[in-house]
>>> print(open('work.cif').read())   # mmCIF, C-alpha atoms
data_coords
loop_
_atom_site.label_atom_id
_atom_site.label_comp_id
_atom_site.auth_asym_id
_atom_site.auth_seq_id
_atom_site.Cartn_x
_atom_site.Cartn_y
_atom_site.Cartn_z
CA MET A 19 42.13 6.53 -40.06
CA ASP A 20 39.23 8.39 -41.68
CA HIS A 21 37.62 6.89 -44.75
CA TYR A 22 35.58 8.87 -47.24
CA GLY A 23 33.83 8.19 -50.56
CA GLU A 24 34.25 5.56 -53.25
CA ARG A 25 35.02 5.82 -56.95
CA ARG A 26 32.86 8.10 -59.07
CA VAL A 27 33.54 6.28 -62.34
CA GLY A 28 33.23 2.56 -63.03
CA ARG A 29 35.71 0.76 -65.23
CA GLY A 30 34.23 -2.63 -65.93
CA PRO A 31 33.92 -5.71 -63.73
CA ASP A 32 36.33 -6.41 -60.90
CA ALA A 33 39.30 -8.69 -61.44
CA ASP A 34 38.80 -12.40 -60.82
CA GLY A 35 41.41 -12.52 -58.06
CA CYS A 36 44.33 -13.68 -60.20
CA PRO A 37 46.88 -10.84 -60.47
CA VAL A 38 48.39 -12.15 -63.73
CA ARG A 39 46.36 -13.97 -66.36
CA ARG A 40 46.32 -14.53 -70.10
CA GLY A 41 43.02 -13.68 -71.75
CA PRO A 42 41.30 -15.60 -74.55
CA ASP A 43 42.52 -12.90 -76.97
CA GLY A 44 46.13 -13.76 -76.12
CA VAL A 45 46.76 -10.51 -74.20
CA TRP A 46 48.17 -10.84 -70.69
CA ARG A 47 46.38 -8.75 -68.06
CA VAL A 48 48.09 -7.70 -64.87
CA SER A 49 45.90 -6.38 -62.04
CA GLY A 50 48.09 -6.92 -58.95
CA TYR A 51 50.10 -3.97 -57.65
CA GLU A 52 53.46 -5.71 -57.20
CA GLU A 53 53.06 -7.53 -60.50
CA ALA A 54 52.13 -4.35 -62.38
CA ARG A 55 55.07 -2.49 -60.92
CA ALA A 56 57.37 -5.34 -61.92
CA VAL A 57 56.19 -5.10 -65.54
CA LEU A 58 56.60 -1.32 -65.61
CA ARG A 59 60.13 -1.59 -64.22
CA ALA A 60 61.19 -4.48 -66.44
CA THR A 61 63.92 -3.87 -69.00
CA ALA A 62 62.71 -6.73 -71.22
CA THR A 63 59.69 -4.74 -72.47
CA VAL A 64 58.98 -1.89 -74.87
CA GLN A 65 56.12 0.54 -75.20
CA ALA A 66 52.93 -0.69 -76.85
CA GLY A 67 49.62 1.08 -77.33
CA LEU A 68 49.31 4.89 -77.06
CA GLY A 69 49.45 5.14 -80.83
CA VAL A 70 52.85 3.48 -81.12
CA GLU A 71 51.62 1.76 -84.29
CA THR A 72 51.38 5.16 -85.96
CA VAL A 73 54.84 6.25 -84.80
CA GLU A 74 56.37 3.04 -86.16
CA LYS A 75 55.30 4.13 -89.65
CA LEU A 76 57.58 7.17 -89.50
CA PRO A 77 60.89 7.09 -91.44
CA SER A 78 63.74 5.54 -89.47
CA ARG A 79 65.73 8.78 -89.61
CA PHE A 80 62.96 10.60 -87.71
CA ARG A 81 63.74 10.94 -83.99
CA ARG A 82 60.91 9.32 -82.06
CA PRO A 83 59.29 11.27 -79.22
CA VAL A 84 60.58 10.20 -75.81
CA LEU A 85 57.33 8.38 -75.01
CA TYR A 86 58.04 5.89 -77.81
CA ARG A 87 61.70 5.21 -77.10
CA ASP A 88 63.15 2.57 -74.81
CA GLY A 89 66.53 1.44 -73.52
CA PRO A 90 69.70 3.55 -73.12
CA GLU A 91 68.54 6.26 -75.54
CA HIS A 92 65.37 6.81 -73.55
CA ARG A 93 67.18 6.82 -70.21
CA GLU A 94 69.69 9.39 -71.43
CA ASP A 95 66.96 11.66 -72.73
CA ARG A 96 65.10 11.47 -69.43
CA ARG A 97 68.32 12.25 -67.56
CA GLN A 98 68.92 15.36 -69.63
CA THR A 99 65.39 16.72 -69.22
CA ALA A 100 64.93 15.80 -65.54
CA ARG A 101 65.90 19.34 -64.51
CA PHE A 102 62.63 20.70 -65.90
CA PHE A 103 60.59 18.65 -63.42
CA THR A 104 62.39 18.78 -60.07
CA PRO A 105 60.30 19.90 -57.06
CA ARG A 106 62.53 22.94 -56.58
CA ARG A 107 62.13 24.04 -60.19
CA VAL A 108 58.38 23.49 -60.07
CA ASP A 109 58.15 25.72 -57.01
CA GLU A 110 60.50 28.42 -58.26
CA HIS A 111 59.59 28.55 -61.97
CA TYR A 112 56.03 27.33 -62.43
CA ARG A 113 54.16 28.19 -59.23
CA GLU A 114 53.85 31.84 -60.24
CA VAL A 115 52.30 30.81 -63.57
CA MET A 116 49.84 28.52 -61.79
CA VAL A 117 48.78 31.24 -59.35
CA ARG A 118 48.44 33.90 -62.03
CA VAL A 119 46.33 31.77 -64.36
CA ALA A 120 44.19 30.33 -61.54
CA GLU A 121 43.43 33.79 -60.20
CA ALA A 122 42.53 35.04 -63.67
CA GLN A 123 40.18 32.12 -64.31
CA LEU A 124 38.51 32.37 -60.93
CA GLY A 125 38.20 36.13 -61.33
CA THR A 126 35.65 35.42 -64.04
CA VAL A 127 33.68 33.25 -61.60
CA ARG A 128 33.72 36.07 -59.06
CA GLU A 129 32.43 38.52 -61.66
CA THR A 130 29.82 36.37 -63.41
CA GLY A 131 28.86 34.02 -60.61
CA ARG A 132 29.48 30.80 -62.54
CA GLY A 133 32.03 28.86 -64.53
CA HIS A 134 32.66 25.64 -66.41
CA LEU A 135 35.41 23.68 -64.74
CA ALA A 136 36.54 21.77 -67.84
CA ASP A 137 37.21 25.06 -69.63
CA MET A 138 38.99 26.72 -66.71
CA SER A 139 41.15 23.71 -65.89
CA PHE A 140 42.16 23.20 -69.53
CA HIS A 141 43.21 26.84 -69.81
CA LEU A 142 45.30 26.39 -66.65
CA ALA A 143 46.88 23.17 -67.92
CA ILE A 144 47.72 24.72 -71.30
CA GLU A 145 49.47 27.70 -69.72
CA VAL A 146 51.48 25.64 -67.24
CA ALA A 147 52.54 22.93 -69.69
CA GLY A 148 53.25 25.63 -72.27
CA ALA A 149 55.71 27.25 -69.87
CA VAL A 150 57.54 23.94 -69.36
CA ILE A 151 57.60 23.07 -73.06
CA GLY A 152 58.18 26.56 -74.41
CA LEU A 153 54.90 27.05 -76.28
CA THR A 154 54.68 30.70 -75.35
CA GLU A 155 54.33 32.40 -78.76
CA SER A 156 51.17 30.65 -79.90
CA ARG A 157 48.66 32.31 -82.15
CA PRO A 158 45.10 32.65 -80.80
CA GLY A 159 43.14 29.38 -80.73
CA ILE A 160 45.61 26.92 -79.18
CA ARG A 161 42.87 25.23 -77.17
CA GLY A 162 40.82 24.43 -80.24
CA ARG A 163 43.86 23.16 -82.12
CA LEU A 164 44.83 20.84 -79.30
CA GLU A 165 41.31 19.51 -78.80
CA ARG A 166 41.06 18.71 -82.51
CA PHE A 167 44.40 16.95 -82.51
CA PHE A 168 43.95 14.47 -79.68
CA PRO A 169 41.93 11.55 -81.07
CA GLU A 170 38.77 10.00 -79.72
CA LYS A 171 40.75 6.78 -79.51
CA PHE A 172 44.23 5.56 -80.38
CA GLY A 173 43.94 3.49 -83.52
CA THR A 174 46.05 1.76 -86.14
CA PRO A 175 45.46 3.86 -89.25
CA GLY A 176 46.53 2.86 -92.72
CA LEU A 177 45.72 3.08 -96.39
CA THR A 178 43.82 -0.20 -96.48
CA SER A 179 40.41 1.18 -95.55
CA LEU A 180 38.34 4.31 -96.02
CA HIS A 181 38.34 4.82 -92.26
CA GLY A 182 42.14 4.66 -92.16
CA ILE A 183 42.52 7.14 -95.02
CA ARG A 184 40.12 9.59 -93.40
CA TRP A 185 41.97 9.28 -90.08
CA LEU A 186 45.30 10.02 -91.73
CA VAL A 187 43.99 13.02 -93.66
CA ARG A 188 42.30 14.50 -90.60
CA GLN A 189 45.31 13.99 -88.33
CA ASN A 190 47.76 15.39 -90.89
CA ALA A 191 45.65 18.55 -91.02
CA ASN A 192 45.63 18.73 -87.22
CA TRP A 193 49.41 18.28 -87.06
CA LEU A 194 49.82 21.19 -89.47
CA ARG A 195 47.49 23.43 -87.45
CA VAL A 196 49.49 22.85 -84.27
CA TYR A 197 52.77 23.25 -86.12
CA TRP A 198 51.91 26.56 -87.79
CA GLY A 199 49.96 27.98 -84.88
CA ASP A 200 52.09 26.93 -81.92
CA VAL A 201 55.34 25.08 -82.57
CA ARG A 202 56.78 27.07 -85.47
CA PRO A 203 56.47 30.47 -83.72
CA ALA A 204 58.10 29.02 -80.57
CA VAL A 205 60.94 27.40 -82.53
CA ARG A 206 61.64 30.57 -84.52
CA ALA A 207 61.84 32.64 -81.32
CA ARG A 208 64.24 30.16 -79.72
CA ARG A 209 66.44 29.92 -82.76
CA ARG A 210 67.04 33.63 -82.24
CA ARG A 211 67.51 33.31 -78.47
CA ARG A 212 67.52 30.17 -76.38
CA ARG A 213 65.45 29.99 -73.21
CA ASP A 214 65.31 27.61 -70.29
CA ASP A 215 62.65 25.25 -71.63
CA LEU A 216 62.18 21.97 -73.47
CA ILE A 217 62.12 23.40 -77.01
CA SER A 218 65.44 25.16 -76.45
CA HIS A 219 66.89 21.88 -75.19
CA LEU A 220 65.64 20.04 -78.27
CA LEU A 221 67.17 22.66 -80.55
CA ASP A 222 70.50 22.21 -78.75
CA GLU A 223 70.14 18.48 -79.42
CA GLY A 224 69.86 19.18 -83.15
CA CYS A 225 66.20 18.22 -83.51
CA SER A 226 64.29 19.27 -86.61
CA SER A 227 61.05 21.25 -86.40
CA GLY A 228 59.06 18.09 -87.16
CA GLU A 229 60.78 16.19 -84.36
CA ILE A 230 60.14 19.07 -81.97
CA LEU A 231 56.47 19.01 -82.99
CA GLY A 232 56.28 15.33 -82.04
CA GLU A 233 57.80 15.97 -78.63
CA CYS A 234 55.56 18.96 -77.99
CA LEU A 235 52.42 16.96 -78.73
CA THR A 236 53.61 14.14 -76.48
CA PHE A 237 54.19 16.48 -73.57
CA ALA A 238 50.96 18.33 -74.32
CA ALA A 239 48.98 15.11 -74.02
CA ALA A 240 50.66 14.27 -70.72
CA GLY A 241 50.67 17.76 -69.22
CA MET A 242 47.48 19.32 -70.53
CA VAL A 243 44.86 16.69 -71.24
CA THR A 244 45.34 14.45 -68.21
CA THR A 245 45.67 17.34 -65.74
CA ARG A 246 42.39 18.83 -66.91
CA GLU A 247 40.63 15.55 -66.18
CA PHE A 248 42.15 15.20 -62.74
CA VAL A 249 41.22 18.75 -61.69
CA ASN A 250 37.62 17.94 -62.56
CA MET A 251 37.71 14.56 -60.80
CA ALA A 252 39.21 15.99 -57.62
CA ALA A 253 36.68 18.83 -57.57
CA TRP A 254 33.83 16.35 -58.07
CA HIS A 255 34.95 14.34 -55.03
CA LEU A 256 35.39 17.44 -52.88
CA PHE A 257 32.06 18.97 -53.86
CA GLY A 258 30.32 15.67 -53.13
CA ASP A 259 31.76 14.99 -49.67
CA THR A 260 31.38 17.73 -47.05
CA ALA A 261 33.70 16.01 -44.55
CA LEU A 262 36.45 15.57 -47.14
CA LEU A 263 36.05 19.16 -48.30
CA ALA A 264 36.26 20.43 -44.72
CA ARG A 265 39.48 18.48 -44.26
CA TYR A 266 40.88 19.86 -47.51
CA ARG A 267 40.04 23.45 -46.59
CA ALA A 268 41.59 23.11 -43.13
CA ALA A 269 44.81 21.43 -44.30
CA ASP A 270 48.14 23.02 -45.19
CA GLU A 271 49.58 22.46 -48.66
CA PRO A 272 51.21 19.07 -47.91
CA GLY A 273 47.96 17.91 -46.32
CA ARG A 274 45.94 19.01 -49.35
CA ILE A 275 48.40 17.29 -51.69
CA ALA A 276 47.96 14.08 -49.68
CA ILE A 277 44.21 14.25 -50.25
CA LEU A 278 44.72 14.79 -53.96
CA GLN A 279 47.16 11.89 -54.15
CA GLU A 280 44.60 9.58 -52.58
CA ILE A 281 41.89 10.74 -54.98
CA LEU A 282 44.28 10.02 -57.83
CA ARG A 283 45.07 6.55 -56.47
CA LEU A 284 41.38 5.76 -56.45
CA GLU A 285 40.67 7.47 -59.79
CA PRO A 286 43.77 7.27 -62.03
CA VAL A 287 43.18 9.34 -65.17
CA ILE A 288 44.80 6.70 -67.36
CA GLY A 289 43.63 3.29 -66.24
CA ARG A 290 45.65 1.08 -68.58
CA LEU A 291 49.16 0.94 -69.97
CA ARG A 292 50.48 -1.59 -72.45
CA ARG A 293 53.88 -3.18 -72.96
CA ARG A 294 55.32 -5.82 -75.30
CA THR A 295 57.89 -8.27 -74.00
CA THR A 296 61.24 -8.54 -75.79
CA ALA A 297 62.40 -11.55 -73.74
CA PRO A 298 60.71 -14.00 -71.37
CA LEU A 299 59.48 -12.10 -68.32
CA ARG A 300 59.02 -13.82 -64.97
CA LEU A 301 56.37 -12.35 -62.70
CA PRO A 302 54.98 -13.28 -59.31
CA GLY A 303 51.27 -13.86 -59.00
CA GLY A 304 50.62 -16.78 -61.28
CA GLY A 305 47.91 -18.16 -59.02
CA GLN A 306 46.55 -18.25 -55.49
CA ASP A 307 49.85 -19.64 -54.16
CA PRO A 308 51.85 -16.65 -52.80
CA GLY A 309 55.06 -18.20 -54.08
CA ALA A 310 53.77 -18.93 -57.56
CA GLU A 311 55.38 -17.38 -60.61
CA VAL A 312 54.34 -17.07 -64.20
CA THR A 313 56.54 -16.50 -67.24
CA VAL A 314 55.29 -14.27 -70.05
CA PRO A 315 57.01 -15.33 -73.30
CA ALA A 316 58.83 -12.89 -75.56
CA GLY A 317 56.72 -11.01 -78.08
CA GLU A 318 53.56 -10.97 -75.94
CA LEU A 319 51.32 -8.00 -75.20
CA ILE A 320 50.67 -7.08 -71.57
CA ASP A 321 47.89 -4.81 -70.36
CA ILE A 322 48.78 -3.23 -67.02
CA LEU A 323 45.45 -2.39 -65.37
CA LEU A 324 46.40 0.54 -63.15
CA HIS A 325 42.86 1.14 -61.93
CA ARG A 326 42.75 -2.39 -60.54
CA ALA A 327 46.32 -2.53 -59.26
CA ASN A 328 45.64 0.60 -57.21
CA LEU A 329 42.94 -1.36 -55.34
CA ASP A 330 45.23 -4.27 -54.42
CA ALA A 331 44.71 -4.69 -50.67
CA ARG A 332 48.09 -6.43 -50.33
CA THR A 333 49.74 -3.08 -51.03
CA VAL A 334 47.05 -0.48 -50.38
CA GLY A 335 45.70 -1.92 -47.14
CA GLU A 336 42.20 -2.24 -45.79
CA ARG A 337 39.16 -0.84 -47.59
CA PRO A 338 41.12 -0.04 -50.75
CA GLU A 339 37.94 1.08 -52.52
CA ARG A 340 37.50 4.03 -50.12
CA LEU A 341 39.34 7.34 -49.94
CA CYS A 342 41.75 7.42 -47.01
CA PRO A 343 44.30 10.25 -47.29
CA GLY A 344 47.63 9.33 -45.76
CA ARG A 345 46.89 5.61 -45.79
CA PRO A 346 49.96 3.43 -45.16
CA MET A 347 51.18 1.77 -48.35
CA ALA A 348 53.22 -1.44 -48.26
CA GLY A 349 56.31 -2.33 -50.23
CA GLY A 350 57.53 1.24 -50.74
CA ALA A 351 54.51 2.19 -52.86
CA GLY A 352 53.87 5.91 -53.31
CA ALA A 353 50.69 7.63 -52.17
CA PRO A 354 49.17 7.91 -55.70
CA GLY A 355 49.83 4.21 -56.34
CA LEU A 356 50.69 3.58 -59.97
CA SER A 357 48.65 6.50 -61.29
CA PHE A 358 51.78 8.15 -62.71
CA GLY A 359 53.16 4.82 -63.93
CA ASP A 360 56.52 3.48 -62.76
CA GLY A 361 59.90 2.53 -64.11
CA ALA A 362 61.66 4.22 -67.01
CA HIS A 363 58.45 5.72 -68.41
CA LYS A 364 57.07 7.06 -65.13
CA CYS A 365 55.46 10.45 -65.72
CA PRO A 366 58.05 13.15 -64.97
CA GLY A 367 55.40 15.81 -64.38
CA ALA A 368 53.77 14.35 -61.25
CA THR A 369 54.87 17.23 -59.02
CA ILE A 370 53.60 19.78 -61.54
CA ALA A 371 50.20 18.10 -61.93
CA LEU A 372 49.54 17.83 -58.21
CA LEU A 373 50.68 21.36 -57.41
CA GLU A 374 48.70 23.06 -60.16
CA THR A 375 45.61 21.08 -59.17
CA ASP A 376 46.01 22.25 -55.57
CA VAL A 377 46.79 25.85 -56.53
CA PHE A 378 43.55 25.99 -58.51
CA LEU A 379 41.25 24.02 -56.20
CA SER A 380 42.42 25.64 -52.96
CA ARG A 381 41.46 28.99 -54.47
CA LEU A 382 38.24 27.69 -55.98
CA PHE A 383 37.03 26.36 -52.63
CA ALA A 384 38.01 29.60 -50.90
CA LEU A 385 35.38 31.47 -52.92
CA PRO A 386 32.41 32.42 -50.72
CA GLY A 387 29.28 30.45 -51.51
CA ILE A 388 30.93 28.24 -54.13
CA ARG A 389 28.93 25.15 -55.02
CA MET A 390 28.50 22.64 -57.83
CA ALA A 391 25.46 23.45 -59.95
CA ALA A 392 25.82 20.47 -62.30
CA PRO A 393 27.96 17.32 -61.99
CA PRO A 394 30.11 16.23 -64.91
CA LYS A 395 29.11 13.79 -67.61
CA VAL A 396 31.53 10.87 -67.87
CA GLY A 397 33.04 9.61 -71.12
CA PHE A 398 35.91 7.21 -71.79
CA LYS A 399 38.81 6.66 -74.15
CA ASP A 400 38.62 2.89 -74.26
CA GLY A 401 42.14 2.23 -75.51
CA ILE A 402 43.74 3.57 -72.32
CA ASP A 403 40.72 3.43 -69.98
CA SER A 404 40.92 7.19 -69.55
CA TYR A 405 37.91 9.12 -68.32
CA GLU A 406 36.74 12.44 -69.70
CA LEU A 407 34.66 14.71 -67.48
CA ARG A 408 32.64 17.48 -69.09
CA GLY A 409 29.90 19.76 -67.86
CA LEU A 410 30.83 20.31 -64.22
CA THR A 411 29.43 23.78 -63.58
CA VAL A 412 30.16 25.87 -60.49
CA VAL A 413 28.23 28.85 -59.17
CA CYS A 414 29.41 31.42 -56.67
CA THR A 415 26.62 33.07 -54.67
CA GLY A 416 28.95 35.24 -52.62
CA ARG A 417 30.68 37.02 -55.48
CA THR A 418 31.81 40.61 -55.15
#
>>> encode(input="work.cif", output="structure tokens")
Amino acid sequence: MDHYGERRVGRGPDADGCPVRRGPDGVWRVSGYEEARAVLRATATVQAGLGVETVEKLPSRFRRPVLYRDGPEHREDRRQTARFFTPRRVDEHYREVMVRVAEAQLGTVRETGRGHLADMSFHLAIEVAGAVIGLTESRPGIRGRLERFFPEKFGTPGLTSLHGIRWLVRQNANWLRVYWGDVRPAVRARRRRRRDDLISHLLDEGCSSGEILGECLTFAAAGMVTTREFVNMAAWHLFGDTALLARYRAADEPGRIAILQEILRLEPVIGRLRRRTTAPLRLPGGGQDPGAEVTVPAGELIDILLHRANLDARTVGERPERLCPGRPMAGGAGAPGLSFGDGAHKCPGATIALLETDVFLSRLFALPGIRMAAPPKVGFKDGIDSYELRGLTVVCTGRT
């Protein structure tokens, strides 16, 4: 099988070979694929990280966004909303939006001869996720409101420090901007007439406007922010590898999706997830002995290192650090590895993210004379090991 390039972004030193280990800070770190999947599928864990500390400060009567719920309540909510993310629905309801927005964004490149990929991809992601959520009546400026809302890092704010007070004041203002500019107009329109989208579903469930705001921001983070980063990462790999780009251009849609899945396995946007155990959790991988097990006690924090688990040769196969579209994966692992998570909290929008990336990039690379004028600058959100790519500039010398 053909092998192509390696990772474009580094994420710290390699693991020490032990797939499950407890660090000196008391946090368990899981870097093996099977072990990470076992944690993500375990029922004796709850969400940790991702700002859950902030959500826990909300009044008990406030319905938590689905990202922060666990157990039967979470499973029922996912069951009820699964219809918004099926492959058939994605193809029939959202493909047209993807094509329309991609063509509009690339039309500017044709006319001006250049474009900034972070801007174009974020506009695409906002429109597509907005169609799924129901944020279709927004006032001008939604991009700026969303960029101000999502924090530089996920913290544990409070009233015990000047930093915590400033964080709370700033985020409360950002919540209000998104509410008045985006959520309130959408909710008011759907109170008058329901539509086939998430906000209408939440209204039928009896959610308040504040609860709907929380869900909208959760889905916006998952559907807008991460997709923008992946579009830029995939483009960076394709621009930088002529053989891979030739294969992408020559492939049909399933073949192109397979290439994107392998890029995502190698470069997961979110590199770390965190869980807290609610009961003792037995995991394989306690040492070099293949039959060894380790038990993580109740109440412990576990960091699941997705960017390392996706390089586990036991599951991924030979040369796991190289791109190899269509590589055989052991143990029933999917082509993107654990890049979309697994278990109850697995990202429901995987099909949407991959298709909109392909819809945009297949058209971008069909432009005559398209090339990368400047590579992206790489930043990180340390709390979730998520990369941010800014500054990738394209030029089109064959514009009409």
>>> axis_aligned_box(input="work.cif", around="range 319-329 of chain A", padding_each_side="6 Å", output="AutoDock Vina command-line options")
--center_x 47.0 --center_y -3.4 --center_z -65.3 --size_x 20.6 --size_y 21.1 --size_z 31.9
>>> residues_around(input="work.cif", residues="Cys414 in chain A", least_positions_apart="3", cutoff="6 Å", atoms="only C-alpha atoms", output="ChimeraX atom specification")
/A:131-132,387-388,417
>>> atom_distance(input="work.cif", atom1="CA of Glu271 in chain A", atom2="CA of Phe383 in chain A")
13.7 Å
>>> resolve_selection(input="work.cif", expression="the PyMOL selection byres ((chain A and resi 294) around 8)", output="VMD selection string")
chain A and resid 63 to 66 292 to 293 295 to 296 316 to 320
>>> closest_atom_pairs(input="work.cif", of="range 225-328 of chain A", to="range 351-375 of chain A", cutoff="12 Å", atoms="all atoms listed in the file", output="JSON lines")
{"residue": "A:Thr236", "atom": "CA", "partner": "A:Cys365", "partner_atom": "CA", "distance": 11.5}
{"residue": "A:Phe237", "atom": "CA", "partner": "A:Gly367", "partner_atom": "CA", "distance": 9.3}
{"residue": "A:Ala238", "atom": "CA", "partner": "A:Gly367", "partner_atom": "CA", "distance": 11.2}
{"residue": "A:Ala239", "atom": "CA", "partner": "A:Cys365", "partner_atom": "CA", "distance": 11.5}
{"residue": "A:Ala240", "atom": "CA", "partner": "A:Cys365", "partner_atom": "CA", "distance": 7.9}
{"residue": "A:Gly241", "atom": "CA", "partner": "A:Gly367", "partner_atom": "CA", "distance": 7.0}
{"residue": "A:Met242", "atom": "CA", "partner": "A:Ala371", "partner_atom": "CA", "distance": 9.1}
{"residue": "A:Val243", "atom": "CA", "partner": "A:Ala371", "partner_atom": "CA", "distance": 10.8}
{"residue": "A:Thr244", "atom": "CA", "partner": "A:Ala371", "partner_atom": "CA", "distance": 8.7}
{"residue": "A:Thr245", "atom": "CA", "partner": "A:Ala371", "partner_atom": "CA", "distance": 6.0}
{"residue": "A:Arg246", "atom": "CA", "partner": "A:Thr375", "partner_atom": "CA", "distance": 8.7}
{"residue": "A:Glu247", "atom": "CA", "partner": "A:Thr375", "partner_atom": "CA", "distance": 10.2}
{"residue": "A:Phe248", "atom": "CA", "partner": "A:Thr375", "partner_atom": "CA", "distance": 7.7}
{"residue": "A:Val249", "atom": "CA", "partner": "A:Thr375", "partner_atom": "CA", "distance": 5.6}
{"residue": "A:Asn250", "atom": "CA", "partner": "A:Thr375", "partner_atom": "CA", "distance": 9.2}
{"residue": "A:Met251", "atom": "CA", "partner": "A:Thr375", "partner_atom": "CA", "distance": 10.4}
{"residue": "A:Ala252", "atom": "CA", "partner": "A:Thr375", "partner_atom": "CA", "distance": 8.3}
{"residue": "A:Ala253", "atom": "CA", "partner": "A:Thr375", "partner_atom": "CA", "distance": 9.3}
{"residue": "A:Glu271", "atom": "CA", "partner": "A:Leu373", "partner_atom": "CA", "distance": 8.9}
{"residue": "A:Pro272", "atom": "CA", "partner": "A:Leu373", "partner_atom": "CA", "distance": 9.8}
{"residue": "A:Gly273", "atom": "CA", "partner": "A:Leu373", "partner_atom": "CA", "distance": 11.9}
{"residue": "A:Arg274", "atom": "CA", "partner": "A:Leu372", "partner_atom": "CA", "distance": 9.6}
{"residue": "A:Ile275", "atom": "CA", "partner": "A:Leu372", "partner_atom": "CA", "distance": 6.6}
{"residue": "A:Ala276", "atom": "CA", "partner": "A:Ala353", "partner_atom": "CA", "distance": 7.4}
{"residue": "A:Ile277", "atom": "CA", "partner": "A:Ala353", "partner_atom": "CA", "distance": 9.5}
{"residue": "A:Leu278", "atom": "CA", "partner": "A:Leu372", "partner_atom": "CA", "distance": 7.1}
{"residue": "A:Gln279", "atom": "CA", "partner": "A:Pro354", "partner_atom": "CA", "distance": 4.7}
{"residue": "A:Glu280", "atom": "CA", "partner": "A:Pro354", "partner_atom": "CA", "distance": 5.8}
{"residue": "A:Ile281", "atom": "CA", "partner": "A:Pro354", "partner_atom": "CA", "distance": 7.8}
{"residue": "A:Leu282", "atom": "CA", "partner": "A:Pro354", "partner_atom": "CA", "distance": 5.7}
{"residue": "A:Arg283", "atom": "CA", "partner": "A:Pro354", "partner_atom": "CA", "distance": 4.4}
{"residue": "A:Leu284", "atom": "CA", "partner": "A:Pro354", "partner_atom": "CA", "distance": 8.1}
{"residue": "A:Glu285", "atom": "CA", "partner": "A:Ser357", "partner_atom": "CA", "distance": 8.2}
{"residue": "A:Pro286", "atom": "CA", "partner": "A:Ser357", "partner_atom": "CA", "distance": 5.0}
{"residue": "A:Val287", "atom": "CA", "partner": "A:Ser357", "partner_atom": "CA", "distance": 7.3}
{"residue": "A:Ile288", "atom": "CA", "partner": "A:Ser357", "partner_atom": "CA", "distance": 7.2}
{"residue": "A:Gly289", "atom": "CA", "partner": "A:Ser357", "partner_atom": "CA", "distance": 7.7}
{"residue": "A:Arg290", "atom": "CA", "partner": "A:Ser357", "partner_atom": "CA", "distance": 9.6}
{"residue": "A:Leu291", "atom": "CA", "partner": "A:Gly359", "partner_atom": "CA", "distance": 8.2}
{"residue": "A:Arg292", "atom": "CA", "partner": "A:Gly359", "partner_atom": "CA", "distance": 11.0}
{"residue": "A:Arg293", "atom": "CA", "partner": "A:His363", "partner_atom": "CA", "distance": 11.0}
{"residue": "A:Ile322", "atom": "CA", "partner": "A:Gly359", "partner_atom": "CA", "distance": 9.7}
{"residue": "A:Leu323", "atom": "CA", "partner": "A:Leu356", "partner_atom": "CA", "distance": 9.6}
{"residue": "A:Leu324", "atom": "CA", "partner": "A:Leu356", "partner_atom": "CA", "distance": 6.1}
{"residue": "A:His325", "atom": "CA", "partner": "A:Ser357", "partner_atom": "CA", "distance": 7.9}
{"residue": "A:Arg326", "atom": "CA", "partner": "A:Leu356", "partner_atom": "CA", "distance": 10.0}
{"residue": "A:Ala327", "atom": "CA", "partner": "A:Leu356", "partner_atom": "CA", "distance": 7.5}
{"residue": "A:Asn328", "atom": "CA", "partner": "A:Gly355", "partner_atom": "CA", "distance": 5.6}
>>> resolve_selection(input="work.cif", expression="the PyMOL selection byres ((chain A and resi 156) around 10)", output="ChimeraX atom specification")
/A:148,152-155,157-160,196-204
>>> write_last_selection(input="work.cif", atoms="C-alpha atoms", output="short mmCIF file (atom, residue, chain, number, x, y, z; two decimals), in the coordinates of the input")
data_model
loop_
_atom_site.label_atom_id
_atom_site.label_comp_id
_atom_site.auth_asym_id
_atom_site.auth_seq_id
_atom_site.Cartn_x
_atom_site.Cartn_y
_atom_site.Cartn_z
CA GLY A 148 53.25 25.63 -72.27
CA GLY A 152 58.18 26.56 -74.41
CA LEU A 153 54.90 27.05 -76.28
CA THR A 154 54.68 30.70 -75.35
CA GLU A 155 54.33 32.40 -78.76
CA ARG A 157 48.66 32.31 -82.15
CA PRO A 158 45.10 32.65 -80.80
CA GLY A 159 43.14 29.38 -80.73
CA ILE A 160 45.61 26.92 -79.18
CA VAL A 196 49.49 22.85 -84.27
CA TYR A 197 52.77 23.25 -86.12
CA TRP A 198 51.91 26.56 -87.79
CA GLY A 199 49.96 27.98 -84.88
CA ASP A 200 52.09 26.93 -81.92
CA VAL A 201 55.34 25.08 -82.57
CA ARG A 202 56.78 27.07 -85.47
CA PRO A 203 56.47 30.47 -83.72
CA ALA A 204 58.10 29.02 -80.57
#
>>> atom_distance(input="work.cif", atom1="CA of Val396 in chain A", atom2="CA of Arg337 in chain A")
24.6 Å
>>> atom_distance(input="work.cif", atom1="CA of Glu94 in chain A", atom2="CA of Ala62 in chain A")
17.6 Å
>>> closest_residue(input="work.cif", among="A:Leu135, A:Thr61, A:Gly228, A:Ala264", to="Arg93 in chain A", atoms="all atoms listed in the file")
A:Thr61
>>> resolve_selection(input="work.cif", expression="the PyMOL selection byres ((chain A and resi 332-335) around 9)", output="VMD selection string")
chain A and resid 50 to 52 327 to 331 336 to 338 345 to 351 355
>>> residues_around(input="work.cif", residues="Ser227 in chain A", least_positions_apart="5", cutoff="10 Å", atoms="only C-alpha atoms", output="ChimeraX atom specification")
/A:197,201-202,205-206,217,220-221,232-233
